[in-house]
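Peer 1: Following this message is one structure expressed as structure tokens.
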Amino acid sequence: MTHTFDAIIVGAGQAGPALANRLTGAGKTVAIIERHLVGGTCVNTGCKPTKTLVASAYAARLAQRGAEYGVRTGPLSIDMPTIAARARKVILDSRKGNEDWLASMPGLTLIRGHARFTGSRRIEVNGETLEAPQIFLNVGGRANVPDFPGVDEVDYLTNSTIIPLQTVPGHLVVVGGSYIGLEFAQMFRRFGAEVTIVEKSARLIGHEDEDVSAEIRAFLEAEGIAVRTDACCITLGKHERGVKIGVDCTEGSPEVVGTHVLLAVGRRPNTDDLGLDKAGIETDDKGYIKVDDYLRTSAEGVWAMGDCNGRGAFTHTAWNDYEIVAANLLDGEERKVSDRILGYALYVDPPLGRVGMTESQARQSGRPLLISKRPMTRVGRAVEKAETWGFMKMVADAETKKILGAAILGTGGDEAIHGILDMMNADAPIGTLQWAVPIHPTVSELIPTLVGNLTPAR
Ligand SMILES: Cc1cc2nc3c(=O)[nH]c(=O)nc-3n(C[C@H](O)[C@H](O)[C@H](O)COP(=O)(O)OP(=O)(O)OC[C@H]3O[C@@H](n4cnc5c(N)ncnc54)[C@H](O)[C@@H]3O)c2cc1C
Ligand SMILES: NC(=O)c1ccc[n+]([C@@H]2O[C@H](COP(=O)([O-])OP(=O)(O)OC[C@H]3O[C@@H](n4cnc5c(N)ncnc54)[C@H](O)[C@@H]3O)[C@@H](O)[C@H]2O)c1
């Protein structure tokens with residue numbers, strides 16, 4: 001039997017439920033299909049639990065440093081079951097919030113099962129056929145597990161399986177030194193694990209500027225995390241203490257032995273089992289669904305939103321994809337992905353808040369540049385909090401006097417960066433900030449000073 005809807009959404013992650021809300025609000029009948037957990041990656045195995053764990057790790061760090069602040073407590077201990085339970089509660093509350101939201105939408109049918117195209121705008125799920133003139137794909141991604149030699153012989157962890165751990169690993173080896181790897185590495189170090197990060201490129205978080213990578217490496221090493229860069233030819237194998245990781249580094253021992261290994265070497269889109277070929281939907285060589293500026297796929301009447309289109313890899317970019325599609329289809333607007341100014345944060349401590357171009361990208365663009373940089377040791381709020389790692393940096397176009405990009409690697413950087421992000425979205429020239437009166441003492445109060453110190457790049 002074939003069931004017909006006005007629209008079908010595949011995936012109840014970040015973009016799908018919000019779009020379902022708008023479509024049903026416009027009087028359409030909508031089926032949303034979810035094969036696993038409502039809320040997708042961010043809610044169940046991504047942002048929400050990791051930031052909850054990061055908060056516990058921050059509390060542990062402050063407790064470890066308590067005497068520096070003149071606060072002495074008894075012997076410190078880490079209660080991992082309570083830490084994991086806190087993350088679990090945040091997951092369950094958020095998932096339930098999403099489920100309740102879906103249940104409240106009139107005209108919405110939530111179908112639990114794996115969706116697969118069987119034809120153009122025709123989908124099969126649980127043996128039933130569904131058809132709709134409009135189909136929206138929000139299938140997200142999963143941890144990439146490369147076929148490292150020996151990978152099947154060991155119990156490796158991914159972001160999904162490390163979150164519920166009830167004990168602190170003796171020695172956690174983290175393969176991959178980017179977002180996922182660095183956030184877990186630092187939190188488990190703070191929970192008491194020995195931690196080694198193994199990264200194949202020459203530096204951590206390699207798409208950021210070299211000064212950002214170097215500073216992050218410095219504060220992670222200062223907390224006792226071992227970092228092995230230039231690590232090629234990863235191999236995995238069983239060892240009496242847990243797992244041995246073969247790393248063909250240019251320096252150091254060719255083998256690292258740990259009790260646990262976390263694979264944090266990127267994501268892959270959930271597009272390999274979606275029958276895209278049956279619907280004429282093209283992907284790129286990594287499996288990301290090709291979309292145009294309006295998020296339309298190569299097949300008429302099919303859109304792709306969120307991580308699966310390769311145009312963003314964050315919760316807020318998935319959400320913005322929904323906003324773009326809804327505005328274009330329901331509000332008569334013409335919104336484009338290319339109008340998005342990308343901002344994001346890396347939740348190590350201190351965090352990295354970022355927006356727009358890196359200094360290196362700005363230099364490669366060949367424009368005349370103005371650059372300004374200020375260490376956090378010269379930011380009053382950071383000094384008062386005794387959290388002075390990092391720096392603030394801004395790059396502007398010397399001719400248009402517009403900000404091209406910024407990094408705030410320092411305490412409160414994930415929040416303070418929004419002052420710059422908002423300036424860029426308002427398309428305001430740097431002089432706009434000259435007479436702003438920021439609040440003292442904040443990290444943000446130094447943004448006008450950063451602007452005032454912009455000087456021609458050498
Ligand atoms: C450890 C970790 C930490 C992160 N932290 C942050 C952060 O701090 N900030 C941030 O902005 N981003 C963060 N991210 C990234 C963020 O989680 C993703 O960008 C976001 O969840 C993408 O949302 P999405 O809607 O595109 O996909 P998803 O949330 O992955 O949702 C896709 C859904 O589709 C379902 N699905 C897939 N295929 C099918 C099918 N064939 N049939 C039916 N259902 C299907 C899946 O089960 C899933 O529920 C993090 C990611 C990870 C892994
Ligand atoms: N704070 C956040 O917003 C946040 C947090 C976590 C995850 N995320 C999202 O999740 C996505 C995935 O994160 P990720 O860190 O897994 O992926 P990533 O693609 O950002 O980084 C993967 C890292 O692994 C390294 N690597 C690849 N192959 C390797 C190998 N064989 N040996 C050693 N190192 C290797 C890469 O050089 C790179 O540094 C990101 O794109 C990000 O958008 C975001």
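Letters A, B, ... go to the chains of the structure tokens in the order shown; residues in each chain start at 1; ligands are counted from 1 in the same order.
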Ligand 1: which residues are within 6 Å, counting only C-alpha atoms and all ligand atoms? Reply as an MDAnalysis selection string.

Peer 2: chainID A and resid 10:15 33:42 45:47 50 113:116 138:141 159 180 270 274 306:308 313:316 318

Peer 1: Can you write out the residues you just picked, keeping N, CA and C atoms, as a compact mmCIF listing (two decimals), in the first residue's frame?

Peer 2:
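Contents of result.txt, as written:
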# COMPACT_ATOMS: atom_id res chain seq x y z
N VAL A 10 13.34 12.90 6.05
CA VAL A 10 14.09 11.73 6.51
C VAL A 10 15.14 12.23 7.50
N GLY A 11 14.99 11.80 8.76
CA GLY A 11 15.93 12.18 9.81
C GLY A 11 15.33 13.22 10.73
N ALA A 12 15.34 12.89 12.04
CA ALA A 12 14.81 13.83 13.04
C ALA A 12 15.97 14.37 13.87
N GLY A 13 16.95 14.97 13.18
CA GLY A 13 18.10 15.58 13.87
C GLY A 13 17.81 17.03 14.18
N GLN A 14 18.63 17.92 13.64
CA GLN A 14 18.48 19.34 13.96
C GLN A 14 17.51 20.07 13.02
N ALA A 15 17.58 19.80 11.72
CA ALA A 15 16.79 20.56 10.76
C ALA A 15 15.39 19.97 10.58
N ILE A 33 10.67 10.49 9.23
CA ILE A 33 11.14 9.12 9.45
C ILE A 33 12.46 9.16 10.22
N GLU A 34 12.53 8.42 11.31
CA GLU A 34 13.76 8.39 12.13
C GLU A 34 14.10 6.94 12.43
N ARG A 35 15.34 6.55 12.11
CA ARG A 35 15.71 5.14 12.29
C ARG A 35 16.30 4.84 13.66
N HIS A 36 16.71 5.90 14.37
CA HIS A 36 17.36 5.63 15.65
C HIS A 36 16.75 6.53 16.72
N LEU A 37 17.45 7.58 17.12
CA LEU A 37 16.97 8.40 18.24
C LEU A 37 16.57 9.79 17.77
N VAL A 38 15.36 10.21 18.18
CA VAL A 38 14.93 11.58 17.86
C VAL A 38 15.93 12.55 18.51
N GLY A 39 16.28 13.58 17.75
CA GLY A 39 17.29 14.54 18.25
C GLY A 39 18.62 14.36 17.55
N GLY A 40 18.84 13.16 16.98
CA GLY A 40 20.04 12.92 16.19
C GLY A 40 21.34 13.05 16.98
N THR A 41 22.39 13.43 16.29
CA THR A 41 23.74 13.44 16.86
C THR A 41 23.88 14.44 18.00
N CYS A 42 23.48 15.68 17.77
CA CYS A 42 23.74 16.74 18.75
C CYS A 42 23.15 16.37 20.11
N THR A 45 24.54 12.05 21.01
CA THR A 45 25.95 11.63 21.08
C THR A 45 26.91 12.76 20.72
N GLY A 46 26.41 14.00 20.67
CA GLY A 46 27.26 15.10 20.21
C GLY A 46 27.31 16.25 21.19
N CYS A 47 26.88 17.41 20.71
CA CYS A 47 27.06 18.67 21.45
C CYS A 47 26.59 18.59 22.90
N THR A 50 28.48 16.16 25.26
CA THR A 50 29.91 16.53 25.40
C THR A 50 30.07 17.83 26.17
N GLY A 113 11.94 3.92 11.65
CA GLY A 113 12.45 2.91 10.73
C GLY A 113 13.48 3.51 9.80
N HIS A 114 14.11 2.65 9.01
CA HIS A 114 15.15 3.10 8.07
C HIS A 114 14.52 3.43 6.72
N ALA A 115 14.69 4.65 6.27
CA ALA A 115 14.11 5.09 4.99
C ALA A 115 15.09 4.86 3.85
N ARG A 116 14.54 4.47 2.72
CA ARG A 116 15.38 4.21 1.53
C ARG A 116 14.58 4.59 0.29
N ASN A 138 17.63 14.87 5.96
CA ASN A 138 18.34 15.44 7.12
C ASN A 138 19.00 14.27 7.86
N VAL A 139 19.77 13.48 7.08
CA VAL A 139 20.22 12.18 7.59
C VAL A 139 21.54 12.24 8.38
N GLY A 140 22.20 13.40 8.43
CA GLY A 140 23.37 13.55 9.29
C GLY A 140 24.53 12.65 8.92
N GLY A 141 25.34 12.35 9.95
CA GLY A 141 26.53 11.53 9.71
C GLY A 141 26.86 10.68 10.92
N ASN A 159 32.71 8.65 19.50
CA ASN A 159 31.98 9.64 20.29
C ASN A 159 30.72 9.04 20.91
N ILE A 180 36.52 16.75 17.97
CA ILE A 180 36.09 15.67 18.85
C ILE A 180 37.26 15.20 19.71
N ASN A 270 25.51 9.82 6.33
CA ASN A 270 24.65 8.63 6.30
C ASN A 270 23.92 8.53 4.96
N LEU A 274 20.87 4.86 1.49
CA LEU A 274 19.65 5.66 1.34
C LEU A 274 19.02 5.48 -0.05
N GLY A 306 21.64 20.07 6.66
CA GLY A 306 22.49 19.60 7.75
C GLY A 306 23.76 18.93 7.27
N ASP A 307 24.37 18.14 8.16
CA ASP A 307 25.69 17.56 7.91
C ASP A 307 25.77 16.78 6.60
N CYS A 308 24.64 16.19 6.15
CA CYS A 308 24.69 15.30 4.99
C CYS A 308 24.95 16.04 3.68
N ALA A 313 29.05 21.60 9.31
CA ALA A 313 29.16 20.39 10.13
C ALA A 313 28.84 20.71 11.57
N PHE A 314 27.93 21.66 11.74
CA PHE A 314 27.59 22.11 13.09
C PHE A 314 26.07 22.11 13.26
N THR A 315 25.65 22.10 14.52
CA THR A 315 24.23 22.18 14.80
C THR A 315 23.63 23.47 14.27
N HIS A 316 24.34 24.57 14.46
CA HIS A 316 23.76 25.85 14.02
C HIS A 316 23.73 25.97 12.50
N ALA A 318 23.14 23.30 10.53
CA ALA A 318 21.99 22.45 10.19
C ALA A 318 20.69 23.24 10.42

Peer 1: Check every protein, DNA and RNA residue against ligand 2, keep those with an atom at most 7 Å away (counting only C-alpha atoms and all ligand atoms), and present them as a PDB file with C-alpha atoms, in the first residue's frame.

Peer 2:
ATOM      1  CA  GLY A  46      27.261  15.099  20.213  1.00  0.00           C
ATOM      2  CA  CYS A  47      27.056  18.666  21.450  1.00  0.00           C
ATOM      3  CA  ALA A 143      31.896   8.504  13.139  1.00  0.00           C
ATOM      4  CA  VAL A 175      43.432   9.269  17.381  1.00  0.00           C
ATOM      5  CA  GLY A 176      42.619  12.597  15.676  1.00  0.00           C
ATOM      6  CA  GLY A 177      43.469  16.018  17.050  1.00  0.00           C
ATOM      7  CA  SER A 178      40.530  18.155  15.973  1.00  0.00           C
ATOM      8  CA  TYR A 179      37.151  19.048  17.506  1.00  0.00           C
ATOM      9  CA  ILE A 180      36.087  15.672  18.852  1.00  0.00           C
ATOM     10  CA  GLY A 181      39.565  14.485  19.786  1.00  0.00           C
ATOM     11  CA  VAL A 198      47.862  11.049  17.977  1.00  0.00           C
ATOM     12  CA  GLU A 199      47.364  13.366  14.976  1.00  0.00           C
ATOM     13  CA  LYS A 200      48.460  12.648  11.433  1.00  0.00           C
ATOM     14  CA  SER A 201      49.103  16.233  10.364  1.00  0.00           C
ATOM     15  CA  LEU A 204      46.501  20.043  16.083  1.00  0.00           C
ATOM     16  CA  ILE A 205      43.254  21.524  14.685  1.00  0.00           C
ATOM     17  CA  GLY A 206      45.093  22.022  11.408  1.00  0.00           C
ATOM     18  CA  ALA A 231      51.568  10.290  12.970  1.00  0.00           C
ATOM     19  CA  CYS A 232      51.042   8.241   9.816  1.00  0.00           C
ATOM     20  CA  CYS A 233      50.167   4.637   9.152  1.00  0.00           C
ATOM     21  CA  ILE A 234      48.063   4.020  12.250  1.00  0.00           C
ATOM     22  CA  ALA A 264      38.072  10.838  16.329  1.00  0.00           C
ATOM     23  CA  VAL A 265      39.156  11.062  12.709  1.00  0.00           C
ATOM     24  CA  GLY A 266      36.157  12.788  11.173  1.00  0.00           C
ATOM     25  CA  ARG A 267      32.613  11.928  10.172  1.00  0.00           C
ATOM     26  CA  ALA A 313      29.161  20.386  10.131  1.00  0.00           C
ATOM     27  CA  PHE A 314      27.589  22.111  13.094  1.00  0.00           C
ATOM     28  CA  TYR A 344      31.888  28.154  15.520  1.00  0.00           C
ATOM     29  CA  ALA A 345      33.562  27.238  18.774  1.00  0.00           C
ATOM     30  CA  LEU A 346      35.930  24.546  19.953  1.00  0.00           C
ATOM     31  CA  TYR A 347      35.087  23.638  23.531  1.00  0.00           C
TER      32      TYR A 347
END

Peer 1: Please list as a VMD selection string every residue within 10 Å of range 76-79 of chain A, counting only C-alpha atoms and excluding residues in the same chain fewer than 5 positions away.

Peer 2: chain A and resid 56 to 57 60 63 to 64 84 166 to 168 190 to 192

Peer 1: DSSP on the backbone: which residues in range 292-415 of chain A end up as alpha helix (DSSP H)? Give the answer as JSON, numbers by chain.

Peer 2: {"A": [315, 316, 317, 318, 319, 320, 321, 322, 323, 324, 325, 326, 327, 328, 329, 330, 359, 360, 361, 362, 363, 364, 380, 381, 382, 383, 384, 385, 413, 414, 415]}

Peer 1: Work out how far CA of Val256 in chain A is from CA of Arg241 in chain A, in Å to one decimal.

Peer 2: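 Between CA of Arg241 in chain A and CA of Val256 in chain A the gap is 11.2 Å.
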
Peer 1: Check range 41-278 of chain A with DSSP on the backbone and list each residue it calls strand (DSSP E), as a ChimeraX atom specification.

Peer 2: /A:108-112,116-119,122-125,128-131,134-137,141-143,171-175,194-198,226-228,235-239,242-246,255-258,260-263,267-269

Peer 1: For range 320-323 of chain A, work out the shell of residues within 8 Å, counting only C-alpha atoms and skipping chain neighbours fewer than 5 positions away, then give it as number ranges by chain.

Peer 2: A: 15-16, 18-19, 295, 305-306, 337

Peer 1: Next, the residues of the selection above should be written as a short mmCIF file (atom, residue, chain, number, x, y, z; two decimals), in the first residue's frame with C-alpha atoms.

Peer 2:
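Ended up saving to selection-v2.cif:
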data_model
loop_
_atom_site.label_atom_id
_atom_site.label_comp_id
_atom_site.auth_asym_id
_atom_site.auth_seq_id
_atom_site.Cartn_x
_atom_site.Cartn_y
_atom_site.Cartn_z
CA ALA A 15 16.79 20.56 10.76
CA GLY A 16 14.04 17.95 10.29
CA ALA A 18 11.96 22.38 12.88
CA LEU A 19 10.99 22.11 9.23
CA LEU A 295 19.88 23.36 -0.73
CA MET A 305 19.87 19.90 5.01
CA GLY A 306 22.49 19.60 7.75
CA VAL A 337 23.75 29.24 1.98
#

Peer 1: Using only C-alpha atoms, determine which residues lie at most 6 Å from Ala279 in chain A, disregarding the query and same-chain residues fewer than 2 positions distant; provide the list as a PyMOL selection string.

Peer 2: chain A and resi 119-120+276-277+281

Peer 1: Between A:Val437, A:Ala67, A:Met1, A:Ala428, which one has atoms that come closest to Glu124 in chain A, using only C-alpha atoms?

Peer 2: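 Of the candidates, the smallest distance to Glu124 in chain A is held by A:Met1.
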